Amino acid sequence: MNLPAPAALAVIAALTGLSWVAAYYLGGGTNAAPHWFYIPVFLAGLRFGPVGALVTAVISTFVAGPLLPADVSTNTPQALSDWVSRGIFFVVIGQFVTALFGGVRRLSTREAHLTTEVELSTAELQAREARFSALVQNASDLVAIVDADATILFQSPSVERILGWDEERTLGTNLVDAIHDSDRQRWHSIVDFLTEDSGEMVVDWRVRHADGSWRHLQTVVTNLIHEPSVGGLVLNSRDVTDQKVLEDQLRHQAFHDTLTGLANRALFTEQLDQAMRRRGRIGGGVVLLFIDLDKFKTVNDLHGHALGDELLKQTADRLRAALRDADAIARLGGDEFGVLFEGVALDSYPRSAAERLVASFAEPFRIDSSEVFVTASIGMALDESGTESAEDLLRNADLAMYAAKAKNEGGYEVFASGMHSRILDRMQVEADLRRALTEDEFQVYYQPIVDHVSGTIGGVEALIRWNHPERGLVMPDQFIGIAEPSGIIVEIGDWMLRHACQEFVAFTKEVVGGDGLGLSVNLSARQLRDPTLFDTVCSAAAAAGLELERLTLEITESSIMEDTESAVRVLTQLRGIGVRIAIDDFGTGYSSLSLLNEIPVDTLKIDRAFVIDVATRPEPARLIRAILTLASDFGLHTVAEGVEELEQHLLLQALGCEASQGFYFARPQPAAQLLDLLKRDASITTG
Ligand code: C2E
Ligand code: MG
Ligand code: MG
């Protein structure tokens, strides 16, 4: 009944009127109206409550009252009182019914309300479930439910994509079977933890893909075993294999040398620390080796970095081949490698391994079409007392390597306690040498070379001296050997060339016939490998105004042998512009005679070792004769070194040696003294 109130009132009034009229006539003009005449009152009550019913009853009385027969005694319409009482009765009944219906109506409204609510919630639930299931079905993550024994109860279709598993067929199988051996324990711990102390945990593990590979999953495990709708552990897994691979790569990069694939210094230091912590527990000792390639810088300068890199790679391969898998090998930087032996018998293994390492450098490295000979100096430190610290070992191995380098290239040295001070001494000398260059502490001494035919001085050899502020005059034997491996020899040699040329030109100008004298300057092996040598020689001679034909460069056989290819190249170049080449200390080195064919040589300087007892023993004389024959075959000039006595001089002369140098004629001396000597010598010849 949705009529507006006034319209409803009008309807009720009309019905009331009509019903009374109908009641009057149907009832035969009496007030004995049937009870249904009260329907309007009832309807009004229903619609408007008690007030509505009352108003309707009053209206009914007024509309229908006059129609009722009058009561003579009260002069009121007959049975009006009856009417009123009956009206009141029906109002009450109407009210009761109204109240009853209203209650029912309210009840049914609430029920309807509830039903709607339930319907709504169900719809929402269904929507939610649909949403959830869509999420699970289409999730990129893998959602699975397993029971406490790891039997798979449910898994999302993404299992197909992530693990290549058949969703249906793997249902009911045990997840543990697919977990990597080393991760299984973790699964059990998680289950234990979660079943005791429910909540969720995140775990990283490897699970086998259908293709047999391992996928790294990151899984959030939630215990919903007691949740009836789930009844298991919910596993929400993300495939993190790519990140893991990248992470591993980055970690590898952080701890490995990209060129050789060996461990880097950071990892090696860590390995050493661990070995030091473990020692005693696993028995045996800890040994540290430092390996440094000799002349690597020169190889790099000469042949280029690509070849240098290849050499380092091949070195790493050789180290790996010479050592056990258990030995840690690292590239510590540049051409320096480190090796760590752990749990080895100190009296045998380290030395035999070091020998194997040295031997592994005996063969030349074949790179592209070139063959490169590179040796390595190895320093070894043993933790004999079991008490050394990692720092001690590192320092000792370094010192031993330094000692190996200083001794001769391509060998190994085991650290010994005296080494430290010896090396400190060497380091001191090195530092002093640098200072000597800047402070101008070097001086050139000159030793005459006497020509046998003319009997006069034909030239001089420049020999370096060091005027040390504390040690006084220091001879070259005491510092050339230190200057050579450190590389300072290049600068010293440079100084020597420039200085000797300058001084020599100056003092020979003061002597009659001085411009006919020659100057010999010694070159070290290191200088011979220096790519700027040619330019240095040219500019030193040019600056001094020395004709290149007057300059002889003395080199030893061994220094040529170190890098024959580049020695031949630079010597040929130098000889091409007129510079002469002499082989110094000839006969003591291990040069092959075929070298004389290759190397552009002018002079052989016969070593003092043959000259010493040439006058007393037949053997040296025989050797000298052989050298002289060889020289004449090759058309070479000969000079005997270290002639101290007249007898020696005469004998050498008789054997056919062309010139001599030695204390017998003159000791090496400063320019001023030599000038006097030259003047005297000139006066002898001219006089
Ligand atoms: P070296 O080139 O063979 O020079 C000859 C050495 O023999 C000189 O020693 C000289 O003093 C010495 N000597 C000469 N006559 C006699 C003698 O009759 N008896 C004895 N016992 N010795 C004699 P020094 O000056 O001590 O030089 C030693 C070596 O140092 C040189 O041998 C040379 O290899 C090297 N050296 C000297 N100066 C230089 C230099 O400027 N550069 C380079 N790289 N090496 C140099
Ligand atoms: Mg010499
Ligand atoms: Mg010599």
# chains A, B, ... in the order shown; residues from 1 in each chain; ligands from 1

call {"tool": "closest_atom_pairs", "arguments": {"of": "chain A", "to": "ligand 3", "cutoff": "7 Å", "atoms": "only C-alpha atoms and all ligand atoms", "output": "tab-separated table"}}
result
residue	atom	partner	partner_atom_place_in_ligand_line	distance
A:Asp584	CA	ligand 3	1 (Mg)	4.8
A:Asp585	CA	ligand 3	1 (Mg)	4.2
A:Lys605	CA	ligand 3	1 (Mg)	6.7
A:Asp607	CA	ligand 3	1 (Mg)	5.8
A:Glu641	CA	ligand 3	1 (Mg)	6.2

call {"tool": "residues_around", "arguments": {"residues": "segment 265-275 of chain A", "least_positions_apart": "4", "cutoff": "10 Å", "atoms": "only C-alpha atoms", "output": "number ranges by chain"}}
result
A: 252, 254-257, 279-282, 285-288, 328-333, 337-343, 389-391, 393-394

call {"tool": "residues_around", "arguments": {"residues": "segment 414-423 of chain A", "least_positions_apart": "3", "cutoff": "9 Å", "atoms": "only C-alpha atoms", "output": "list in words"}}
result
Arg351, Ile378, Gly379, Met380, Ala381, Leu382, Asn396, Ala397, Asp398, Leu399, Ala400, Met401, Tyr402, Ala403, Ala404, Arg426, Met427 and Gln428 of chain A

call {"tool": "write_last_selection", "arguments": {"atoms": "all heavy atoms", "output": "CSV table (one decimal), in the first residue's frame"}}
result
chain,number,residue,atom,x,y,z
A,351,ARG,N,108.7,-27.8,-1.1
A,351,ARG,CA,109.9,-27.7,-2.0
A,351,ARG,C,109.7,-28.4,-3.3
A,351,ARG,O,110.0,-27.9,-4.3
A,351,ARG,CB,111.2,-28.2,-1.3
A,351,ARG,CG,111.7,-27.2,-0.3
A,351,ARG,CD,112.8,-27.8,0.6
A,351,ARG,NE,113.3,-26.8,1.5
A,351,ARG,CZ,112.6,-26.5,2.7
A,351,ARG,NH1,111.5,-27.1,3.0
A,351,ARG,NH2,113.1,-25.6,3.5
A,378,ILE,N,110.2,-17.2,-7.1
A,378,ILE,CA,109.2,-17.7,-6.1
A,378,ILE,C,109.8,-17.5,-4.7
A,378,ILE,O,110.9,-17.9,-4.4
A,378,ILE,CB,108.9,-19.2,-6.4
A,378,ILE,CG1,108.4,-19.4,-7.8
A,378,ILE,CG2,107.9,-19.7,-5.4
A,378,ILE,CD1,108.1,-20.8,-8.2
A,379,GLY,N,109.0,-16.9,-3.9
A,379,GLY,CA,109.3,-16.8,-2.5
A,379,GLY,C,108.4,-17.7,-1.6
A,379,GLY,O,107.2,-17.7,-1.9
A,380,MET,N,109.0,-18.4,-0.7
A,380,MET,CA,108.2,-19.3,0.1
A,380,MET,C,108.3,-19.0,1.6
A,380,MET,O,109.4,-18.8,2.1
A,380,MET,CB,108.6,-20.7,-0.2
A,380,MET,CG,107.7,-21.8,0.4
A,380,MET,SD,108.5,-23.4,0.3
A,380,MET,CE,108.6,-23.7,-1.4
A,381,ALA,N,107.2,-19.0,2.3
A,381,ALA,CA,107.2,-18.9,3.7
A,381,ALA,C,106.5,-20.0,4.4
A,381,ALA,O,105.3,-20.3,4.0
A,381,ALA,CB,106.6,-17.5,4.1
A,382,LEU,N,107.1,-20.7,5.3
A,382,LEU,CA,106.5,-21.8,6.0
A,382,LEU,C,106.1,-21.4,7.4
A,382,LEU,O,106.8,-20.7,8.0
A,382,LEU,CB,107.5,-23.0,6.1
A,382,LEU,CG,108.3,-23.4,4.8
A,382,LEU,CD1,109.3,-24.4,5.2
A,382,LEU,CD2,107.3,-24.0,3.8
A,396,ASN,N,106.9,-12.5,4.9
A,396,ASN,CA,108.1,-13.4,4.7
A,396,ASN,C,108.1,-14.0,3.3
A,396,ASN,O,109.2,-14.0,2.7
A,396,ASN,CB,108.0,-14.6,5.7
A,396,ASN,CG,108.2,-14.1,7.1
A,396,ASN,OD1,108.5,-13.0,7.4
A,396,ASN,ND2,108.0,-15.0,8.1
A,397,ALA,N,106.9,-14.3,2.8
A,397,ALA,CA,106.9,-14.8,1.4
A,397,ALA,C,107.4,-13.8,0.4
A,397,ALA,O,108.1,-14.0,-0.5
A,397,ALA,CB,105.5,-15.3,1.1
A,398,ASP,N,106.9,-12.5,0.7
A,398,ASP,CA,107.3,-11.4,-0.1
A,398,ASP,C,108.8,-11.2,-0.1
A,398,ASP,O,109.5,-11.0,-1.1
A,398,ASP,CB,106.6,-10.2,0.4
A,398,ASP,CG,106.5,-9.1,-0.7
A,398,ASP,OD1,106.6,-9.5,-1.9
A,398,ASP,OD2,106.3,-7.9,-0.3
A,399,LEU,N,109.4,-11.3,1.1
A,399,LEU,CA,110.8,-11.1,1.3
A,399,LEU,C,111.6,-12.2,0.6
A,399,LEU,O,112.6,-11.9,-0.1
A,399,LEU,CB,111.2,-11.0,2.8
A,399,LEU,CG,110.8,-9.8,3.5
A,399,LEU,CD1,111.1,-9.9,5.0
A,399,LEU,CD2,111.4,-8.5,3.0
A,400,ALA,N,111.1,-13.4,0.7
A,400,ALA,CA,111.8,-14.5,0.1
A,400,ALA,C,111.7,-14.4,-1.4
A,400,ALA,O,112.7,-14.7,-2.2
A,400,ALA,CB,111.1,-15.8,0.5
A,401,MET,N,110.6,-13.9,-1.9
A,401,MET,CA,110.4,-13.7,-3.4
A,401,MET,C,111.4,-12.6,-3.8
A,401,MET,O,112.1,-12.8,-4.9
A,401,MET,CB,109.0,-13.3,-3.7
A,401,MET,CG,108.6,-13.4,-5.1
A,401,MET,SD,108.9,-11.8,-5.9
A,401,MET,CE,107.6,-10.8,-5.2
A,402,TYR,N,111.5,-11.6,-3.1
A,402,TYR,CA,112.5,-10.5,-3.4
A,402,TYR,C,113.9,-11.1,-3.4
A,402,TYR,O,114.7,-10.8,-4.3
A,402,TYR,CB,112.3,-9.5,-2.3
A,402,TYR,CG,112.9,-8.1,-2.6
A,402,TYR,CD1,112.2,-7.2,-3.4
A,402,TYR,CD2,114.2,-7.8,-2.2
A,402,TYR,CE1,112.7,-6.0,-3.7
A,402,TYR,CE2,114.7,-6.5,-2.5
A,402,TYR,CZ,114.0,-5.6,-3.2
A,402,TYR,OH,114.5,-4.4,-3.5
A,403,ALA,N,114.2,-12.0,-2.5
A,403,ALA,CA,115.5,-12.6,-2.4
A,403,ALA,C,115.7,-13.5,-3.6
A,403,ALA,O,116.8,-13.5,-4.2
A,403,ALA,CB,115.7,-13.4,-1.1
A,404,ALA,N,114.7,-14.2,-4.0
A,404,ALA,CA,114.8,-15.1,-5.2
A,404,ALA,C,115.1,-14.2,-6.4
A,404,ALA,O,115.9,-14.6,-7.3
A,404,ALA,CB,113.5,-15.9,-5.4
A,426,ARG,N,119.2,-4.2,1.0
A,426,ARG,CA,119.0,-3.9,-0.4
A,426,ARG,C,118.0,-2.8,-0.7
A,426,ARG,O,118.3,-2.0,-1.5
A,426,ARG,CB,118.5,-5.2,-1.1
A,426,ARG,CG,119.4,-6.3,-1.3
A,426,ARG,CD,118.8,-7.5,-2.0
A,426,ARG,NE,118.6,-7.1,-3.4
A,426,ARG,CZ,119.4,-7.5,-4.4
A,426,ARG,NH1,120.5,-8.2,-4.1
A,426,ARG,NH2,119.2,-7.2,-5.6
A,427,MET,N,117.0,-2.8,0.1
A,427,MET,CA,116.0,-1.7,-0.1
A,427,MET,C,116.6,-0.4,0.2
A,427,MET,O,116.3,0.6,-0.4
A,427,MET,CB,114.8,-2.0,0.8
A,427,MET,CG,113.9,-3.1,0.3
A,427,MET,SD,112.7,-3.5,1.6
A,427,MET,CE,111.4,-4.1,0.5
A,428,GLN,N,117.5,-0.4,1.2
A,428,GLN,CA,118.1,0.9,1.6
A,428,GLN,C,119.0,1.3,0.4
A,428,GLN,O,119.0,2.5,0.1
A,428,GLN,CB,119.0,0.6,2.9
A,428,GLN,CG,119.7,1.8,3.4
A,428,GLN,CD,118.7,2.9,3.8
A,428,GLN,OE1,117.7,2.6,4.5
A,428,GLN,NE2,118.8,4.1,3.3

call {"tool": "closest_residue", "arguments": {"among": "A:Gly493, A:Pro448, A:Gly514, A:Gly578", "to": "Gln673 of chain A", "atoms": "only C-alpha atoms"}}
result
A:Pro448

call {"tool": "closest_residue", "arguments": {"among": "A:Arg608, A:Arg680, A:Arg186, A:Arg238", "to": "ligand 1", "atoms": "only C-alpha atoms and all ligand atoms"}}
result
A:Arg608

call {"tool": "closest_atom_pairs", "arguments": {"of": "chain A", "to": "ligand 2", "cutoff": "10 Å", "atoms": "only C-alpha atoms and all ligand atoms", "output": "Markdown table"}}
result
| residue | atom | partner | partner_atom_place_in_ligand_line | distance |
| --- | --- | --- | --- | --- |
| A:Gln447 | CA | ligand 2 | 1 (Mg) | 9.9 |
| A:Glu461 | CA | ligand 2 | 1 (Mg) | 6.7 |
| A:Ala462 | CA | ligand 2 | 1 (Mg) | 8.0 |
| A:Leu463 | CA | ligand 2 | 1 (Mg) | 7.5 |
| A:Ser520 | CA | ligand 2 | 1 (Mg) | 7.5 |
| A:Val521 | CA | ligand 2 | 1 (Mg) | 7.0 |
| A:Asn522 | CA | ligand 2 | 1 (Mg) | 5.3 |
| A:Leu523 | CA | ligand 2 | 1 (Mg) | 8.4 |
| A:Leu553 | CA | ligand 2 | 1 (Mg) | 8.6 |
| A:Glu554 | CA | ligand 2 | 1 (Mg) | 5.6 |
| A:Ile555 | CA | ligand 2 | 1 (Mg) | 7.4 |
| A:Thr556 | CA | ligand 2 | 1 (Mg) | 8.3 |
| A:Ala582 | CA | ligand 2 | 1 (Mg) | 8.6 |
| A:Ile583 | CA | ligand 2 | 1 (Mg) | 8.5 |
| A:Asp584 | CA | ligand 2 | 1 (Mg) | 5.5 |
| A:Asp585 | CA | ligand 2 | 1 (Mg) | 7.3 |
| A:Lys605 | CA | ligand 2 | 1 (Mg) | 8.0 |
| A:Asp607 | CA | ligand 2 | 1 (Mg) | 9.6 |
| A:Glu641 | CA | ligand 2 | 1 (Mg) | 8.7 |

call {"tool": "residues_near_ligand", "arguments": {"ligand": "ligand 1", "cutoff": "6 Å", "atoms": "only C-alpha atoms and all ligand atoms", "output": "ChimeraX atom specification"}}
result
/A:463-464,475-477,493,496,522-524,585,642-644,661-663,668

call {"tool": "write_last_selection", "arguments": {"atoms": "N, CA and C atoms", "output": "short mmCIF file (atom, residue, chain, number, x, y, z; two decimals), in the first residue's frame"}}
result
data_model
loop_
_atom_site.label_atom_id
_atom_site.label_comp_id
_atom_site.auth_asym_id
_atom_site.auth_seq_id
_atom_site.Cartn_x
_atom_site.Cartn_y
_atom_site.Cartn_z
N LEU A 463 133.74 3.30 -16.41
CA LEU A 463 133.26 2.43 -15.32
C LEU A 463 132.66 3.30 -14.23
N ILE A 464 131.51 2.94 -13.80
CA ILE A 464 130.80 3.81 -12.85
C ILE A 464 131.32 3.65 -11.42
N MET A 475 131.91 0.45 -5.28
CA MET A 475 132.20 -0.14 -6.58
C MET A 475 130.91 -0.68 -7.23
N PRO A 476 130.92 -0.75 -8.56
CA PRO A 476 129.68 -1.16 -9.25
C PRO A 476 129.16 -2.55 -8.85
N ASP A 477 130.07 -3.48 -8.52
CA ASP A 477 129.62 -4.82 -8.11
C ASP A 477 128.62 -4.77 -6.96
N GLY A 493 122.03 4.02 -16.21
CA GLY A 493 122.69 3.81 -17.50
C GLY A 493 122.55 5.02 -18.39
N MET A 496 124.91 7.55 -17.16
CA MET A 496 126.27 7.13 -17.48
C MET A 496 126.60 7.46 -18.94
N ASN A 522 129.44 0.33 -20.66
CA ASN A 522 128.75 -0.94 -20.37
C ASN A 522 127.23 -0.77 -20.38
N LEU A 523 126.57 -1.74 -20.92
CA LEU A 523 125.10 -1.74 -20.90
C LEU A 523 124.63 -2.96 -20.12
N SER A 524 123.62 -2.79 -19.35
CA SER A 524 123.08 -3.95 -18.62
C SER A 524 121.98 -4.61 -19.43
N ASP A 585 133.28 -9.85 -21.05
CA ASP A 585 133.45 -11.08 -20.26
C ASP A 585 133.27 -12.33 -21.13
N GLY A 642 141.73 -7.57 -17.57
CA GLY A 642 142.37 -7.92 -16.30
C GLY A 642 143.84 -8.31 -16.41
N VAL A 643 144.52 -7.65 -17.30
CA VAL A 643 145.95 -7.93 -17.42
C VAL A 643 146.67 -7.20 -16.29
N GLU A 644 147.31 -7.99 -15.41
CA GLU A 644 147.92 -7.38 -14.23
C GLU A 644 149.44 -7.44 -14.30
N GLN A 661 143.68 -4.67 -21.39
CA GLN A 661 143.16 -3.70 -20.43
C GLN A 661 143.44 -4.30 -19.07
N GLY A 662 144.01 -3.54 -18.15
CA GLY A 662 144.26 -4.13 -16.85
C GLY A 662 145.13 -3.23 -15.99
N PHE A 663 145.23 -3.65 -14.71
CA PHE A 663 145.96 -2.86 -13.74
C PHE A 663 147.42 -2.71 -14.15
N PRO A 668 141.33 1.91 -13.30
CA PRO A 668 140.28 2.88 -13.66
C PRO A 668 140.50 4.15 -12.83
#

call {"tool": "select_by_dssp", "arguments": {"residues": "segment 390-541 of chain A", "states": "helix (DSSP H, G or I)", "output": "PyMOL selection string"}}
result
chain A and resi 390-407+419-439+476-478+480-486+488-508+514-516+525-528+533-541

call {"tool": "atom_distance", "arguments": {"atom1": "atom CA of Phe610 of chain A", "atom2": "atom CA of Arg575 of chain A"}}
result
28.1 Å

call {"tool": "residues_around", "arguments": {"residues": "segment 206-213 of chain A", "least_positions_apart": "3", "cutoff": "8 Å", "atoms": "only C-alpha atoms", "output": "JSON, numbers by chain"}}
result
{"A": [162, 163, 164, 165, 178, 179, 180, 183, 216, 217]}

call {"tool": "write_last_selection", "arguments": {"atoms": "all heavy atoms", "output": "mmCIF file, in the first residue's frame"}}
result
data_model
loop_
_atom_site.group_PDB
_atom_site.id
_atom_site.type_symbol
_atom_site.label_atom_id
_atom_site.label_comp_id
_atom_site.auth_asym_id
_atom_site.auth_seq_id
_atom_site.Cartn_x
_atom_site.Cartn_y
_atom_site.Cartn_z
ATOM 1 N N ILE A 162 57.251 -22.691 -13.912
ATOM 2 C CA ILE A 162 58.420 -22.485 -13.056
ATOM 3 C C ILE A 162 59.281 -23.731 -12.940
ATOM 4 O O ILE A 162 60.502 -23.667 -13.030
ATOM 5 C CB ILE A 162 57.975 -21.975 -11.666
ATOM 6 C CG1 ILE A 162 57.340 -20.590 -11.818
ATOM 7 C CG2 ILE A 162 59.147 -21.922 -10.705
ATOM 8 C CD1 ILE A 162 56.819 -19.985 -10.551
ATOM 9 N N LEU A 163 58.625 -24.867 -12.735
ATOM 10 C CA LEU A 163 59.412 -26.087 -12.509
ATOM 11 C C LEU A 163 59.253 -27.122 -13.620
ATOM 12 O O LEU A 163 59.846 -28.200 -13.557
ATOM 13 C CB LEU A 163 59.026 -26.716 -11.168
ATOM 14 C CG LEU A 163 59.419 -25.896 -9.927
ATOM 15 C CD1 LEU A 163 58.836 -26.514 -8.677
ATOM 16 C CD2 LEU A 163 60.934 -25.775 -9.804
ATOM 17 N N GLY A 164 58.440 -26.771 -14.608
ATOM 18 C CA GLY A 164 58.228 -27.703 -15.718
ATOM 19 C C GLY A 164 57.462 -28.944 -15.281
ATOM 20 O O GLY A 164 57.465 -29.959 -15.974
ATOM 21 N N TRP A 165 56.821 -28.875 -14.115
ATOM 22 C CA TRP A 165 56.111 -30.043 -13.595
ATOM 23 C C TRP A 165 54.699 -30.130 -14.181
ATOM 24 O O TRP A 165 54.055 -29.108 -14.403
ATOM 25 C CB TRP A 165 55.953 -29.960 -12.076
ATOM 26 C CG TRP A 165 57.231 -30.078 -11.300
ATOM 27 C CD1 TRP A 165 58.489 -30.155 -11.796
ATOM 28 C CD2 TRP A 165 57.335 -30.094 -9.880
ATOM 29 N NE1 TRP A 165 59.397 -30.224 -10.778
ATOM 30 C CE2 TRP A 165 58.707 -30.190 -9.575
ATOM 31 C CE3 TRP A 165 56.429 -30.051 -8.831
ATOM 32 C CZ2 TRP A 165 59.182 -30.233 -8.277
ATOM 33 C CZ3 TRP A 165 56.904 -30.086 -7.535
ATOM 34 C CH2 TRP A 165 58.270 -30.186 -7.268
ATOM 35 N N ALA A 178 62.126 -33.486 -4.408
ATOM 36 C CA ALA A 178 62.588 -32.562 -5.446
ATOM 37 C C ALA A 178 63.532 -31.503 -4.902
ATOM 38 O O ALA A 178 64.095 -30.714 -5.647
ATOM 39 C CB ALA A 178 61.396 -31.888 -6.100
ATOM 40 N N ILE A 179 63.708 -31.504 -3.583
ATOM 41 C CA ILE A 179 64.574 -30.482 -2.978
ATOM 42 C C ILE A 179 66.032 -30.928 -3.052
ATOM 43 O O ILE A 179 66.338 -32.108 -2.889
ATOM 44 C CB ILE A 179 64.172 -30.232 -1.505
ATOM 45 C CG1 ILE A 179 62.724 -29.721 -1.450
ATOM 46 C CG2 ILE A 179 65.100 -29.232 -0.850
ATOM 47 C CD1 ILE A 179 62.194 -29.547 -0.040
ATOM 48 N N HIS A 180 66.908 -29.991 -3.303
ATOM 49 C CA HIS A 180 68.346 -30.266 -3.380
ATOM 50 C C HIS A 180 68.819 -30.876 -2.059
ATOM 51 O O HIS A 180 68.401 -30.422 -0.981
ATOM 52 C CB HIS A 180 69.080 -28.952 -3.640
ATOM 53 C CG HIS A 180 70.510 -29.133 -4.054
ATOM 54 N ND1 HIS A 180 71.507 -29.431 -3.163
ATOM 55 C CD2 HIS A 180 71.091 -29.062 -5.274
ATOM 56 C CE1 HIS A 180 72.654 -29.522 -3.820
ATOM 57 N NE2 HIS A 180 72.427 -29.305 -5.102
ATOM 58 N N ASP A 183 69.695 -28.772 0.744
ATOM 59 C CA ASP A 183 68.668 -27.863 1.269
ATOM 60 C C ASP A 183 67.585 -28.605 2.046
ATOM 61 O O ASP A 183 66.706 -27.984 2.634
ATOM 62 C CB ASP A 183 68.005 -27.082 0.129
ATOM 63 C CG ASP A 183 68.994 -26.150 -0.555
ATOM 64 O OD1 ASP A 183 69.991 -25.787 0.100
ATOM 65 O OD2 ASP A 183 68.779 -25.802 -1.724
ATOM 66 N N HIS A 216 66.386 -21.916 -8.245
ATOM 67 C CA HIS A 216 66.432 -21.326 -6.897
ATOM 68 C C HIS A 216 65.083 -20.696 -6.608
ATOM 69 O O HIS A 216 64.633 -19.849 -7.369
ATOM 70 C CB HIS A 216 67.495 -20.242 -6.839
ATOM 71 C CG HIS A 216 68.880 -20.792 -6.909
ATOM 72 N ND1 HIS A 216 69.637 -21.052 -5.794
ATOM 73 C CD2 HIS A 216 69.637 -21.146 -7.960
ATOM 74 C CE1 HIS A 216 70.799 -21.551 -6.166
ATOM 75 N NE2 HIS A 216 70.826 -21.613 -7.474
ATOM 76 N N LEU A 217 64.422 -21.162 -5.559
ATOM 77 C CA LEU A 217 63.135 -20.584 -5.194
ATOM 78 C C LEU A 217 63.271 -19.832 -3.880
ATOM 79 O O LEU A 217 64.006 -20.250 -2.990
ATOM 80 C CB LEU A 217 62.069 -21.674 -5.026
ATOM 81 C CG LEU A 217 61.748 -22.538 -6.238
ATOM 82 C CD1 LEU A 217 60.568 -23.446 -5.921
ATOM 83 C CD2 LEU A 217 61.420 -21.684 -7.460
#

call {"tool": "atom_distance", "arguments": {"atom1": "atom CA of Glu647 of chain A", "atom2": "atom CA of Ser632 of chain A"}}
result
23.2 Å

call {"tool": "select_by_dssp", "arguments": {"residues": "segment 612-647 of chain A", "states": "strand (DSSP E or B)", "output": "list in words"}}
result
His637, Thr638, Val639 and Ala640 of chain A

call {"tool": "write_last_selection", "arguments": {"atoms": "N, CA and C atoms", "output": "compact mmCIF listing (two decimals), in the first residue's frame"}}
result
# COMPACT_ATOMS: atom_id res chain seq x y z
N HIS A 637 137.51 -7.97 -33.52
CA HIS A 637 138.61 -7.37 -32.79
C HIS A 637 138.64 -8.03 -31.40
N THR A 638 139.86 -8.18 -30.78
CA THR A 638 139.93 -8.83 -29.46
C THR A 638 140.64 -7.96 -28.43
N VAL A 639 140.11 -7.99 -27.21
CA VAL A 639 140.70 -7.26 -26.09
C VAL A 639 140.78 -8.23 -24.91
N ALA A 640 141.94 -8.30 -24.26
CA ALA A 640 142.06 -9.14 -23.06
C ALA A 640 141.81 -8.27 -21.84
